[in-house]
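Student: Got a structure for you, structure28.cif, holding mmCIF, N, CA and C atoms.
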```cif
data_final
#
loop_
_atom_site.label_atom_id
_atom_site.label_comp_id
_atom_site.auth_asym_id
_atom_site.auth_seq_id
_atom_site.Cartn_x
_atom_site.Cartn_y
_atom_site.Cartn_z
N GLN A 1 8.28 45.50 1.89
CA GLN A 1 6.94 45.85 2.33
C GLN A 1 5.96 44.76 1.93
N VAL A 2 4.98 44.57 2.78
CA VAL A 2 3.91 43.60 2.52
C VAL A 2 2.58 44.32 2.70
N GLN A 3 1.69 44.11 1.76
CA GLN A 3 0.34 44.66 1.87
C GLN A 3 -0.63 43.53 2.14
N LEU A 4 -1.58 43.78 3.05
CA LEU A 4 -2.56 42.78 3.44
C LEU A 4 -3.96 43.35 3.23
N ALA A 5 -4.82 42.56 2.60
CA ALA A 5 -6.19 43.00 2.34
C ALA A 5 -7.16 41.93 2.81
N GLU A 6 -7.92 42.25 3.87
CA GLU A 6 -8.89 41.30 4.41
C GLU A 6 -10.22 41.42 3.69
N SER A 7 -10.97 40.34 3.71
CA SER A 7 -12.34 40.32 3.22
C SER A 7 -13.11 39.26 3.99
N GLY A 8 -14.43 39.35 3.88
CA GLY A 8 -15.28 38.42 4.62
C GLY A 8 -15.84 39.11 5.85
N GLY A 9 -16.41 38.36 6.72
CA GLY A 9 -17.00 38.92 7.93
C GLY A 9 -18.42 39.39 7.68
N GLY A 10 -18.87 40.33 8.52
CA GLY A 10 -20.24 40.81 8.42
C GLY A 10 -21.05 40.38 9.62
N LEU A 11 -22.35 40.31 9.44
CA LEU A 11 -23.27 39.95 10.52
C LEU A 11 -23.62 38.47 10.43
N VAL A 12 -23.43 37.75 11.53
CA VAL A 12 -23.68 36.31 11.58
C VAL A 12 -24.48 36.00 12.84
N GLN A 13 -25.37 35.05 12.73
CA GLN A 13 -26.12 34.61 13.91
C GLN A 13 -25.27 33.68 14.77
N ALA A 14 -25.51 33.70 16.05
CA ALA A 14 -24.81 32.81 16.96
C ALA A 14 -25.01 31.36 16.52
N GLY A 15 -23.91 30.62 16.55
CA GLY A 15 -23.93 29.24 16.08
C GLY A 15 -23.60 29.09 14.61
N GLY A 16 -23.55 30.21 13.92
CA GLY A 16 -23.26 30.19 12.49
C GLY A 16 -21.77 30.19 12.19
N SER A 17 -21.47 30.33 10.91
CA SER A 17 -20.08 30.29 10.44
C SER A 17 -19.78 31.48 9.55
N ALA A 18 -18.50 31.77 9.44
CA ALA A 18 -18.03 32.82 8.54
C ALA A 18 -16.59 32.50 8.18
N ARG A 19 -16.16 33.00 7.04
CA ARG A 19 -14.77 32.81 6.63
C ARG A 19 -14.15 34.13 6.25
N LEU A 20 -13.01 34.40 6.83
CA LEU A 20 -12.24 35.59 6.51
C LEU A 20 -11.09 35.21 5.59
N SER A 21 -10.78 36.10 4.68
CA SER A 21 -9.64 35.91 3.78
C SER A 21 -8.68 37.08 3.92
N CYS A 22 -7.42 36.80 3.69
CA CYS A 22 -6.40 37.86 3.73
C CYS A 22 -5.44 37.62 2.57
N ALA A 23 -5.50 38.50 1.59
CA ALA A 23 -4.62 38.40 0.43
C ALA A 23 -3.37 39.23 0.68
N ALA A 24 -2.21 38.61 0.51
CA ALA A 24 -0.94 39.27 0.77
C ALA A 24 -0.20 39.56 -0.53
N SER A 25 0.50 40.68 -0.55
CA SER A 25 1.30 41.03 -1.72
C SER A 25 2.46 41.90 -1.27
N GLY A 26 3.44 42.08 -2.16
CA GLY A 26 4.56 42.93 -1.82
C GLY A 26 5.90 42.31 -2.17
N ARG A 27 6.90 43.16 -2.19
CA ARG A 27 8.23 42.73 -2.63
C ARG A 27 8.86 41.73 -1.68
N THR A 28 8.55 41.82 -0.40
CA THR A 28 9.21 40.97 0.58
C THR A 28 8.35 39.79 1.01
N PHE A 29 7.30 39.52 0.23
CA PHE A 29 6.49 38.33 0.51
C PHE A 29 7.08 37.16 -0.25
N PRO A 30 7.12 35.93 0.28
CA PRO A 30 6.43 35.48 1.49
C PRO A 30 7.15 35.86 2.78
N VAL A 31 6.39 35.74 3.86
CA VAL A 31 6.89 36.01 5.19
C VAL A 31 6.97 34.70 5.95
N ASN A 32 7.48 34.76 7.17
CA ASN A 32 7.58 33.54 7.97
C ASN A 32 6.25 33.11 8.57
N ILE A 33 5.50 34.08 9.09
CA ILE A 33 4.30 33.76 9.85
C ILE A 33 3.17 34.70 9.46
N MET A 34 1.97 34.16 9.38
CA MET A 34 0.75 34.96 9.21
C MET A 34 -0.15 34.70 10.41
N GLY A 35 -0.88 35.73 10.80
CA GLY A 35 -1.75 35.55 11.95
C GLY A 35 -3.03 36.35 11.84
N TRP A 36 -3.97 36.01 12.70
CA TRP A 36 -5.22 36.76 12.85
C TRP A 36 -5.31 37.23 14.31
N PHE A 37 -5.68 38.48 14.45
CA PHE A 37 -5.94 39.08 15.75
C PHE A 37 -7.35 39.66 15.72
N ARG A 38 -7.87 39.98 16.89
CA ARG A 38 -9.17 40.64 16.93
C ARG A 38 -9.20 41.64 18.07
N GLN A 39 -10.05 42.66 17.87
CA GLN A 39 -10.16 43.72 18.87
C GLN A 39 -11.63 44.07 19.03
N ALA A 40 -12.14 43.86 20.24
CA ALA A 40 -13.50 44.25 20.57
C ALA A 40 -13.48 45.68 21.12
N PRO A 41 -14.60 46.39 21.08
CA PRO A 41 -14.63 47.77 21.57
C PRO A 41 -14.14 47.86 23.01
N GLY A 42 -13.21 48.78 23.24
CA GLY A 42 -12.70 49.01 24.58
C GLY A 42 -11.73 47.96 25.09
N LYS A 43 -11.32 47.05 24.21
CA LYS A 43 -10.42 45.98 24.65
C LYS A 43 -9.14 45.99 23.84
N GLU A 44 -8.16 45.22 24.33
CA GLU A 44 -6.90 45.09 23.64
C GLU A 44 -7.06 44.25 22.37
N ARG A 45 -6.10 44.38 21.45
CA ARG A 45 -6.08 43.54 20.28
C ARG A 45 -5.46 42.21 20.67
N ASP A 46 -6.21 41.14 20.55
CA ASP A 46 -5.78 39.83 21.02
C ASP A 46 -5.50 38.86 19.88
N PHE A 47 -4.56 37.99 20.13
CA PHE A 47 -4.22 36.93 19.19
C PHE A 47 -5.38 35.95 19.05
N VAL A 48 -5.62 35.50 17.82
CA VAL A 48 -6.65 34.50 17.56
C VAL A 48 -6.02 33.22 17.03
N ALA A 49 -5.23 33.34 15.97
CA ALA A 49 -4.63 32.15 15.35
C ALA A 49 -3.42 32.56 14.52
N GLY A 50 -2.47 31.63 14.36
CA GLY A 50 -1.29 31.90 13.56
C GLY A 50 -0.88 30.66 12.78
N ILE A 51 -0.14 30.89 11.70
CA ILE A 51 0.30 29.78 10.85
C ILE A 51 1.66 30.12 10.26
N THR A 52 2.55 29.13 10.23
CA THR A 52 3.83 29.33 9.56
C THR A 52 3.62 29.17 8.06
N TRP A 53 4.19 30.08 7.30
CA TRP A 53 3.89 30.09 5.87
C TRP A 53 4.46 28.86 5.15
N SER A 54 5.66 28.44 5.51
CA SER A 54 6.28 27.32 4.79
C SER A 54 5.74 25.97 5.23
N GLY A 55 5.69 25.74 6.54
CA GLY A 55 5.30 24.43 7.04
C GLY A 55 3.83 24.27 7.37
N GLY A 56 3.12 25.37 7.47
CA GLY A 56 1.69 25.28 7.78
C GLY A 56 1.38 24.90 9.21
N ARG A 57 2.34 25.11 10.10
CA ARG A 57 2.10 24.80 11.51
C ARG A 57 1.16 25.85 12.08
N THR A 58 0.17 25.41 12.87
CA THR A 58 -0.84 26.32 13.37
C THR A 58 -0.84 26.41 14.88
N TYR A 59 -1.39 27.52 15.36
CA TYR A 59 -1.48 27.76 16.79
C TYR A 59 -2.73 28.61 17.03
N TYR A 60 -3.47 28.30 18.11
CA TYR A 60 -4.73 28.98 18.37
C TYR A 60 -4.82 29.48 19.80
N ALA A 61 -5.54 30.56 19.95
CA ALA A 61 -5.90 31.00 21.29
C ALA A 61 -6.88 29.99 21.88
N ASP A 62 -6.84 29.83 23.18
CA ASP A 62 -7.72 28.85 23.83
C ASP A 62 -9.19 29.15 23.57
N SER A 63 -9.52 30.42 23.44
CA SER A 63 -10.92 30.81 23.29
C SER A 63 -11.52 30.38 21.96
N VAL A 64 -10.70 30.06 20.98
CA VAL A 64 -11.23 29.69 19.66
C VAL A 64 -10.84 28.27 19.26
N LYS A 65 -10.03 27.62 20.07
CA LYS A 65 -9.57 26.28 19.74
C LYS A 65 -10.75 25.34 19.55
N GLY A 66 -10.73 24.58 18.46
CA GLY A 66 -11.81 23.66 18.16
C GLY A 66 -12.95 24.27 17.38
N ARG A 67 -12.97 25.60 17.28
CA ARG A 67 -14.04 26.29 16.53
C ARG A 67 -13.50 27.00 15.28
N PHE A 68 -12.30 27.55 15.38
CA PHE A 68 -11.70 28.29 14.28
C PHE A 68 -10.57 27.47 13.66
N THR A 69 -10.38 27.66 12.35
CA THR A 69 -9.29 27.00 11.64
C THR A 69 -8.59 28.00 10.75
N ILE A 70 -7.28 28.10 10.91
CA ILE A 70 -6.48 28.96 10.03
C ILE A 70 -5.81 28.08 8.99
N SER A 71 -5.75 28.58 7.77
CA SER A 71 -5.11 27.83 6.69
C SER A 71 -4.53 28.83 5.69
N ARG A 72 -3.68 28.32 4.80
CA ARG A 72 -3.12 29.21 3.79
C ARG A 72 -3.06 28.51 2.46
N ASP A 73 -3.13 29.33 1.41
CA ASP A 73 -2.98 28.87 0.04
C ASP A 73 -1.75 29.55 -0.53
N ASN A 74 -0.66 28.82 -0.61
CA ASN A 74 0.60 29.41 -1.03
C ASN A 74 0.52 29.96 -2.46
N ALA A 75 -0.21 29.27 -3.32
CA ALA A 75 -0.30 29.70 -4.71
C ALA A 75 -1.02 31.03 -4.84
N LYS A 76 -1.98 31.28 -3.94
CA LYS A 76 -2.76 32.53 -4.00
C LYS A 76 -2.25 33.57 -3.02
N ASN A 77 -1.22 33.25 -2.26
CA ASN A 77 -0.71 34.18 -1.24
C ASN A 77 -1.84 34.66 -0.33
N THR A 78 -2.66 33.74 0.09
CA THR A 78 -3.84 34.08 0.88
C THR A 78 -3.92 33.19 2.12
N VAL A 79 -4.29 33.80 3.22
CA VAL A 79 -4.53 33.06 4.46
C VAL A 79 -6.01 33.21 4.81
N TYR A 80 -6.57 32.15 5.37
CA TYR A 80 -7.99 32.12 5.68
C TYR A 80 -8.20 31.88 7.18
N LEU A 81 -9.35 32.31 7.65
CA LEU A 81 -9.79 31.99 9.00
C LEU A 81 -11.23 31.51 8.90
N GLN A 82 -11.41 30.21 9.04
CA GLN A 82 -12.74 29.64 9.05
C GLN A 82 -13.25 29.64 10.48
N MET A 83 -14.38 30.28 10.70
CA MET A 83 -14.92 30.44 12.04
C MET A 83 -16.27 29.72 12.12
N ASN A 84 -16.35 28.72 12.98
CA ASN A 84 -17.57 27.95 13.17
C ASN A 84 -18.08 28.12 14.60
N SER A 85 -19.33 27.76 14.80
CA SER A 85 -19.94 27.84 16.13
C SER A 85 -19.70 29.20 16.76
N LEU A 86 -19.96 30.23 16.00
CA LEU A 86 -19.67 31.59 16.47
C LEU A 86 -20.54 31.97 17.66
N LYS A 87 -19.95 32.76 18.55
CA LYS A 87 -20.61 33.23 19.76
C LYS A 87 -20.64 34.75 19.75
N PRO A 88 -21.57 35.35 20.47
CA PRO A 88 -21.60 36.83 20.55
C PRO A 88 -20.27 37.41 21.01
N GLU A 89 -19.55 36.71 21.87
CA GLU A 89 -18.26 37.22 22.35
C GLU A 89 -17.16 37.18 21.29
N ASP A 90 -17.44 36.59 20.15
CA ASP A 90 -16.49 36.63 19.03
C ASP A 90 -16.60 37.94 18.25
N THR A 91 -17.59 38.75 18.57
CA THR A 91 -17.78 40.02 17.89
C THR A 91 -16.56 40.92 18.09
N ALA A 92 -15.99 41.36 16.98
CA ALA A 92 -14.78 42.19 17.05
C ALA A 92 -14.40 42.60 15.63
N VAL A 93 -13.43 43.50 15.56
CA VAL A 93 -12.76 43.76 14.29
C VAL A 93 -11.61 42.77 14.20
N TYR A 94 -11.54 42.04 13.09
CA TYR A 94 -10.52 41.04 12.90
C TYR A 94 -9.44 41.58 11.97
N TYR A 95 -8.19 41.42 12.40
CA TYR A 95 -7.05 41.92 11.65
C TYR A 95 -6.15 40.78 11.21
N CYS A 96 -5.74 40.85 9.97
CA CYS A 96 -4.71 39.96 9.44
C CYS A 96 -3.36 40.61 9.69
N ALA A 97 -2.35 39.79 10.00
CA ALA A 97 -1.03 40.33 10.29
C ALA A 97 0.04 39.40 9.73
N ALA A 98 1.19 39.98 9.44
CA ALA A 98 2.31 39.21 8.88
C ALA A 98 3.59 39.52 9.65
N SER A 99 4.32 38.47 9.93
CA SER A 99 5.61 38.61 10.61
C SER A 99 6.71 38.20 9.64
N GLN A 100 7.55 39.18 9.25
CA GLN A 100 8.56 38.91 8.22
C GLN A 100 9.54 37.83 8.65
N PHE A 101 10.09 37.97 9.82
CA PHE A 101 11.15 37.06 10.26
C PHE A 101 10.79 36.34 11.56
N GLY A 102 9.54 36.40 11.96
CA GLY A 102 9.14 35.77 13.21
C GLY A 102 9.32 34.27 13.18
N THR A 103 9.46 33.71 14.36
CA THR A 103 9.60 32.27 14.49
C THR A 103 8.51 31.72 15.40
N TRP A 104 8.45 30.40 15.48
CA TRP A 104 7.35 29.74 16.18
C TRP A 104 7.19 30.19 17.62
N PRO A 105 8.20 30.21 18.45
CA PRO A 105 7.96 30.74 19.79
C PRO A 105 7.56 32.21 19.70
N GLY A 106 6.44 32.54 20.28
CA GLY A 106 6.00 33.92 20.23
C GLY A 106 5.07 34.23 19.08
N ILE A 107 4.56 33.20 18.42
CA ILE A 107 3.66 33.43 17.29
C ILE A 107 2.41 34.18 17.73
N ASN A 108 2.09 34.12 19.01
CA ASN A 108 0.90 34.77 19.53
C ASN A 108 1.15 36.19 20.04
N LEU A 109 2.36 36.70 19.89
CA LEU A 109 2.71 38.00 20.43
C LEU A 109 2.56 39.09 19.39
N ARG A 110 1.77 40.09 19.72
CA ARG A 110 1.45 41.14 18.75
C ARG A 110 2.70 41.85 18.23
N PHE A 111 3.68 42.09 19.08
CA PHE A 111 4.84 42.88 18.66
C PHE A 111 5.73 42.12 17.67
N LYS A 112 5.49 40.83 17.50
CA LYS A 112 6.26 40.05 16.53
C LYS A 112 5.84 40.35 15.09
N TYR A 113 4.69 40.98 14.92
CA TYR A 113 4.13 41.18 13.59
C TYR A 113 4.49 42.56 13.04
N ASP A 114 4.90 42.57 11.78
CA ASP A 114 5.39 43.79 11.15
C ASP A 114 4.33 44.51 10.31
N TYR A 115 3.41 43.77 9.75
CA TYR A 115 2.44 44.35 8.83
C TYR A 115 1.02 43.96 9.25
N TRP A 116 0.10 44.90 9.03
CA TRP A 116 -1.29 44.70 9.45
C TRP A 116 -2.23 45.11 8.33
N GLY A 117 -3.35 44.38 8.25
CA GLY A 117 -4.42 44.78 7.36
C GLY A 117 -5.28 45.86 8.01
N GLN A 118 -6.29 46.30 7.29
CA GLN A 118 -7.13 47.39 7.77
C GLN A 118 -8.22 46.92 8.72
N GLY A 119 -8.44 45.62 8.78
CA GLY A 119 -9.44 45.06 9.68
C GLY A 119 -10.78 44.86 9.01
N THR A 120 -11.50 43.87 9.47
CA THR A 120 -12.85 43.61 8.96
C THR A 120 -13.75 43.25 10.15
N GLN A 121 -14.95 43.83 10.15
CA GLN A 121 -15.86 43.67 11.29
C GLN A 121 -16.60 42.33 11.20
N VAL A 122 -16.61 41.63 12.32
CA VAL A 122 -17.45 40.44 12.47
C VAL A 122 -18.38 40.69 13.65
N THR A 123 -19.67 40.61 13.40
CA THR A 123 -20.67 40.82 14.45
C THR A 123 -21.52 39.57 14.56
N VAL A 124 -21.56 39.00 15.76
CA VAL A 124 -22.33 37.79 16.00
C VAL A 124 -23.53 38.15 16.85
N SER A 125 -24.72 37.95 16.31
CA SER A 125 -25.94 38.30 17.04
C SER A 125 -26.47 37.09 17.80
N SER A 126 -27.03 37.38 18.97
CA SER A 126 -27.54 36.28 19.81
C SER A 126 -29.00 35.96 19.49
#
```
What is this structure when it is put down as structure tokens?

Tutor:
Amino acid sequence: QVQLAESGGGLVQAGGSARLSCAASGRTFPVNIMGWFRQAPGKERDFVAGITWSGGRTYYADSVKGRFTISRDNAKNTVYLQMNSLKPEDTAVYYCAASQFGTWPGINLRFKYDYWGQGTQVTVSS
């Protein structure tokens, strides 16, 4: 089992920045892949960014490429999502997720992830 605890987020003005953190723990940690997803009201939960835990390889959704950066701190068992140049359409609940045995192809697929955090709200005002 892996437990994930997100922090960060809140209310941000358009053009501003925010950083989300996700602390991971549990008997079966580390995992292969960590990711961030987001869900806006009335919409599906969509992939935002993913990172391989060992090699640090990253992958981003087109909508956030160049604005968001995912990173991890192996010593702290924590993954981060740095969000810059935020837009109102980035408003959503952001979820941290972990894939125990997932591999690089399919890093953006929700069903590949086994564990989820409780989510943290990010609201971008115009």

Student: Given the choices A:Gly66, A:Gly26, A:Pro105, A:Gly9, which gets closest to A:Thr52 if the distance is worked out from only C-alpha atoms?

Tutor: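 Looking only at the distances to A:Thr52, the closest residue turns out to be A:Pro105.
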
Student: Taking only stretch 1-124 of chain A into account, list the residues labelled strand (DSSP E) by DSSP (computed from the backbone), as a PyMOL selection string.

Tutor: chain A and resi 3-8+10-13+18-25+33-39+45-52+58-60+68-73+78-83+92-99+115-116+120-124

Student: What does the structure give for the distance between atom CA of A:Glu44 and atom CA of A:Gly16, in Å to one decimal?

Tutor: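 The value is 24.8 Å.
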
Student: Just give me the gap between atom N of A:Asn108 and atom C of A:Ala5 in Å, one decimal is fine.

Tutor: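 The value is 20.2 Å.
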
Student: Compare A:Gln13, A:Ser54, A:Thr78, A:Gln1 by their minimum atom-to-atom distance to A:Ser126, counting only C-alpha atoms, and give me the closest one.

Tutor: A:Gln13

Student: Rank nothing, just name the residue among A:Val64, A:Ala40, A:Ala49, A:Ile107 nearest to A:Asn84, using only C-alpha atoms.

Tutor: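 Looking only at the distances to A:Asn84, the closest residue turns out to be A:Val64.
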
Student: Expand the PyMOL selection byres ((chain A and resi 113) around 6.5) into the explicit residue set it covers here, and present it as JSON, numbers by chain.

Tutor: {"A": [97, 98, 99, 100, 109, 110, 111, 112, 114, 115, 116]}

Student: Residues picked by the PyMOL selection byres ((chain A and resi 50) around 6.5) here, as a ChimeraX atom specification?

Tutor: /A:34-36,48-49,51-52,57-61,70,107

Student: Please compute the atom CA of A:Phe101-atom CA of A:Thr28 distance, one decimal, in Å.

Tutor: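 So the answer is 10.6 Å.
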
Student: Apply the PyMOL selection byres ((chain A and resi 67) around 7) to the file shown and report the selected residues as a ChimeraX atom specification.

Tutor: /A:63-66,68-69,82-85

Student: Box for stretch 60-77 of chain A - axis-aligned, 5 Å on each of the six sides, all listed atoms - centre and size in Å to one decimal, as JSON.

Tutor:
```
{"center_x": -6.7, "center_y": 29.2, "center_z": 9.5, "size_x": 24.6, "size_y": 21.0, "size_z": 38.7}
```

Student: Which is closer to A:Val124 than all the others in A:Gly8, A:Pro88, A:Gly56, A:Pro41, using only N, CA and C atoms?

Tutor: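 Under the stated criterion, the closest residue is A:Pro88.
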
Student: From the options A:Cys96, A:Arg45, A:Val122, A:Leu81, which residue's atoms come nearest to A:Gln3, counting only C-alpha atoms?

Tutor: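 Of A:Cys96, A:Arg45, A:Val122, A:Leu81, the one nearest A:Gln3, counting only C-alpha atoms, is A:Cys96.
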
Student: If we count all atoms listed in the file and set the cut-off at 8 Å, which residues sit around A:Thr123, ignoring sequence neighbours fewer than 5 positions away in its own chain? Please answer as a PyMOL selection string.

Tutor: chain A and resi 9-14+87-88+90-93

Student: So that I can check the secondary structure, give me every residue of stretch 3-123 of chain A assigned helix (DSSP H, G or I) by backbone DSSP, as a ChimeraX atom specification.

Tutor: /A:74-76,88-90,110-112

Student: Counting all atoms listed in the file, what is within 8 Å of A:Asn77, bar same-chain residues fewer than 4 positions away, as a list in words?

Tutor: Cys22, Ala23, Ala24, Ser25, Pro30, Arg72 and Asp73 of chain A

Student: N, CA, C and O atoms are what I want for stretch 30-52 of chain A; can you complete it accordingly and write them as a CSV table (one decimal), in the coordinates of the input?

Tutor:
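Heads up, here's the output in rebuild_32.csv:
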```
chain,number,residue,atom,x,y,z
A,30,PRO,N,7.1,35.9,0.3
A,30,PRO,CA,6.4,35.5,1.5
A,30,PRO,C,7.2,35.9,2.8
A,30,PRO,O,8.3,36.2,2.8
A,31,VAL,N,6.4,35.7,3.9
A,31,VAL,CA,6.9,36.0,5.2
A,31,VAL,C,7.0,34.7,6.0
A,31,VAL,O,6.6,33.7,5.4
A,32,ASN,N,7.5,34.8,7.2
A,32,ASN,CA,7.6,33.5,8.0
A,32,ASN,C,6.2,33.1,8.6
A,32,ASN,O,5.9,31.9,8.6
A,33,ILE,N,5.5,34.1,9.1
A,33,ILE,CA,4.3,33.8,9.8
A,33,ILE,C,3.2,34.7,9.5
A,33,ILE,O,3.4,35.9,9.3
A,34,MET,N,2.0,34.2,9.4
A,34,MET,CA,0.8,35.0,9.2
A,34,MET,C,-0.2,34.7,10.4
A,34,MET,O,-0.2,33.6,10.9
A,35,GLY,N,-0.9,35.7,10.8
A,35,GLY,CA,-1.8,35.6,12.0
A,35,GLY,C,-3.0,36.4,11.8
A,35,GLY,O,-3.2,37.2,11.0
A,36,TRP,N,-4.0,36.0,12.7
A,36,TRP,CA,-5.2,36.8,12.8
A,36,TRP,C,-5.3,37.2,14.3
A,36,TRP,O,-5.1,36.4,15.2
A,37,PHE,N,-5.7,38.5,14.4
A,37,PHE,CA,-5.9,39.1,15.8
A,37,PHE,C,-7.4,39.7,15.7
A,37,PHE,O,-7.9,39.9,14.6
A,38,ARG,N,-7.9,40.0,16.9
A,38,ARG,CA,-9.2,40.6,16.9
A,38,ARG,C,-9.2,41.6,18.1
A,38,ARG,O,-8.5,41.5,19.1
A,39,GLN,N,-10.0,42.7,17.9
A,39,GLN,CA,-10.2,43.7,18.9
A,39,GLN,C,-11.6,44.1,19.0
A,39,GLN,O,-12.3,44.6,18.1
A,40,ALA,N,-12.1,43.9,20.2
A,40,ALA,CA,-13.5,44.2,20.6
A,40,ALA,C,-13.5,45.7,21.1
A,40,ALA,O,-12.4,46.1,21.6
A,41,PRO,N,-14.6,46.4,21.1
A,41,PRO,CA,-14.6,47.8,21.6
A,41,PRO,C,-14.1,47.9,23.0
A,41,PRO,O,-14.6,47.1,23.9
A,42,GLY,N,-13.2,48.8,23.2
A,42,GLY,CA,-12.7,49.0,24.6
A,42,GLY,C,-11.7,48.0,25.1
A,42,GLY,O,-11.3,48.0,26.3
A,43,LYS,N,-11.3,47.0,24.2
A,43,LYS,CA,-10.4,46.0,24.6
A,43,LYS,C,-9.1,46.0,23.8
A,43,LYS,O,-9.0,46.7,22.8
A,44,GLU,N,-8.2,45.2,24.3
A,44,GLU,CA,-6.9,45.1,23.6
A,44,GLU,C,-7.1,44.2,22.4
A,44,GLU,O,-8.0,43.5,22.2
A,45,ARG,N,-6.1,44.4,21.4
A,45,ARG,CA,-6.1,43.5,20.3
A,45,ARG,C,-5.5,42.2,20.7
A,45,ARG,O,-4.3,42.1,21.1
A,46,ASP,N,-6.2,41.1,20.6
A,46,ASP,CA,-5.8,39.8,21.0
A,46,ASP,C,-5.5,38.9,19.9
A,46,ASP,O,-6.1,38.9,18.8
A,47,PHE,N,-4.6,38.0,20.1
A,47,PHE,CA,-4.2,36.9,19.2
A,47,PHE,C,-5.4,36.0,19.0
A,47,PHE,O,-6.0,35.6,20.1
A,48,VAL,N,-5.6,35.5,17.8
A,48,VAL,CA,-6.6,34.5,17.6
A,48,VAL,C,-6.0,33.2,17.0
A,48,VAL,O,-6.2,32.1,17.6
A,49,ALA,N,-5.2,33.3,16.0
A,49,ALA,CA,-4.6,32.2,15.4
A,49,ALA,C,-3.4,32.6,14.5
A,49,ALA,O,-3.4,33.7,14.0
A,50,GLY,N,-2.5,31.6,14.4
A,50,GLY,CA,-1.3,31.9,13.6
A,50,GLY,C,-0.9,30.7,12.8
A,50,GLY,O,-1.2,29.5,13.2
A,51,ILE,N,-0.1,30.9,11.7
A,51,ILE,CA,0.3,29.8,10.8
A,51,ILE,C,1.7,30.1,10.3
A,51,ILE,O,1.9,31.3,9.9
A,52,THR,N,2.6,29.1,10.2
A,52,THR,CA,3.8,29.3,9.6
A,52,THR,C,3.6,29.2,8.1
A,52,THR,O,2.9,28.2,7.6
```
